[in-house]
Structure formats: C-alpha cells, structure tokens
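Single-structure report; data block below.
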Amino acid sequence: MAIPVAMHDHGVIYLSRGYRSGPYMAIRPGGRGEISKTHVIWRVPTGAPYVSSLLYYDGLIYMAGDTGIITCVDAKTGEQVWRQRLGGIYTASPVAGDGKVYLLSESGEALVVRAGRQPAVLARNAIDGRILASPAISSGRIFIRTDDGVVAVGR
C-alpha cells in the first residue's frame with residue numbers, strides 16, 4: 001500500500017490518503033479525539049494521487065498521479081487553481097525549486113512546469129530508464145534514481 005508523506009507549513013499539515021483518487025486535506029495540529037469538526041481546515045473528498053505525495057510550494061499544492069493529470073490547488077482553501085492532462089504515470093512525488101515544479105513519469109519523462117497560478121510546461125526531457133523513486137534536490141542539482149542508475153541534473 002502507498003504511504004504518501006504529509007507536509008507541514010505555517011502551522012498546517014497537508015496530507016492525502018494514498019489510494020485511488022482518495023481525499024486530501026489540510027489539518028491544524030494539536031487536536032485530540034474526533035478532530036473532523038475542530039481541526040480540519042479543508043477536505044477534498046477525491047482527486048489525490050494514488051502513490052505520490054502532495055507538494056506544497058509557495059502557497060500552492062501540486063499533485064500528479066497515475067492518470068496523467070496534474071492538479072494545483074490553493075493551500076489556504078483547497079480550491080482548485082488549475083488542472084491539466086499532461087500525460088504520463090507518476091509514482092515519484094513532485095519536487096520544486098527556483099519557481100519550477102519537477103515531475104518524473106514512470107516512462108522516464110522529466111516534466112518541468114512553471115510554479116504558480118497560470119500553468120505552463122517549460123520543458124519535457126527524456127531520461128533513459130524507468131523512474132519510480134522520488135527525486136532529491138541538493139546544491140543546485142536534482143538526483144533521479146532509475147531502475148538501473150542515478151542521474152544528476154544541474155550545475
């Protein structure tokens with residue numbers, strides 16, 4: 001079973017269930033017992049990715065799943081900002097930096113999308129190999145693990 005990683009920013013936890021089109025939500029920490037009425041800020045009942053974790057970046061949440069649809073929602077309200085079918089199956093969680101969101105499909109396509117309320121695909125790059133693992137970012141490089149090796153992209 002997939003276990004997406006929860007994120008935390010400005011006193012709010014963002015998480016998804018990690019099953020086909022399950023819920024995703026924002027919760028204030030510190031609750032005890034039944035918190036659905038006291039600590040859940042917002043909850044969207046369907047649309048979360050199957051395996052990958054949500055990405056919080058500059059006040060927006062990005063997600064990509066196994067249907068090739070990339071979704072961006074407002075982190076304060078849970079309202080959808082944009083949604084586009086860009087193709088691919090995404091098991092790896094998205095990452096972001098320098099105003100860009102990086103999404104790696106299982107077939108080895110690295111999709112670079114401009115972060116923000118107006119979607120724009122900046123690049124589509126082929127990487128030799130199947131990608132299931134989430135990338136890591138360090139010192140201006142993105143490290144991508146394929147089934148057969150590790151690729152470093154950057155300076």
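The chains in the structure tokens are called A, B, ... from first to last as shown; in each chain the residues are counted from 1, and the ligands are counted from 1 in the order shown.
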Extract, using only C-alpha atoms, all DNA, RNA and protein residues at most 8 Å from region 47-51 of chain A, discarding same-chain residues fewer than 2 positions from it, and format them as number ranges by chain. A: 2-4, 16-24, 44-45, 53-54, 63-66, 90-92
I'd like the neighbourhood of region 39-43 of chain A as a list in words, where a residue qualifies if any of its atoms comes within 7 Å (using only C-alpha atoms), though same-chain residues fewer than 6 positions away should be ignored. Pro23, Tyr24, Met25, Ala26, Ile27, Arg28, Gly31, Thr77 and Gly78 of chain A
The distance between CA of Val73 (chain A) and CA of Tyr57 (chain A) is 10.6 Å
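When only C-alpha atoms are used to compute distances to Val150 (chain A), the closest of the residues A:Glu79, A:Glu106, A:Asp9, A:Asp128 turns out to be A:Asp128.
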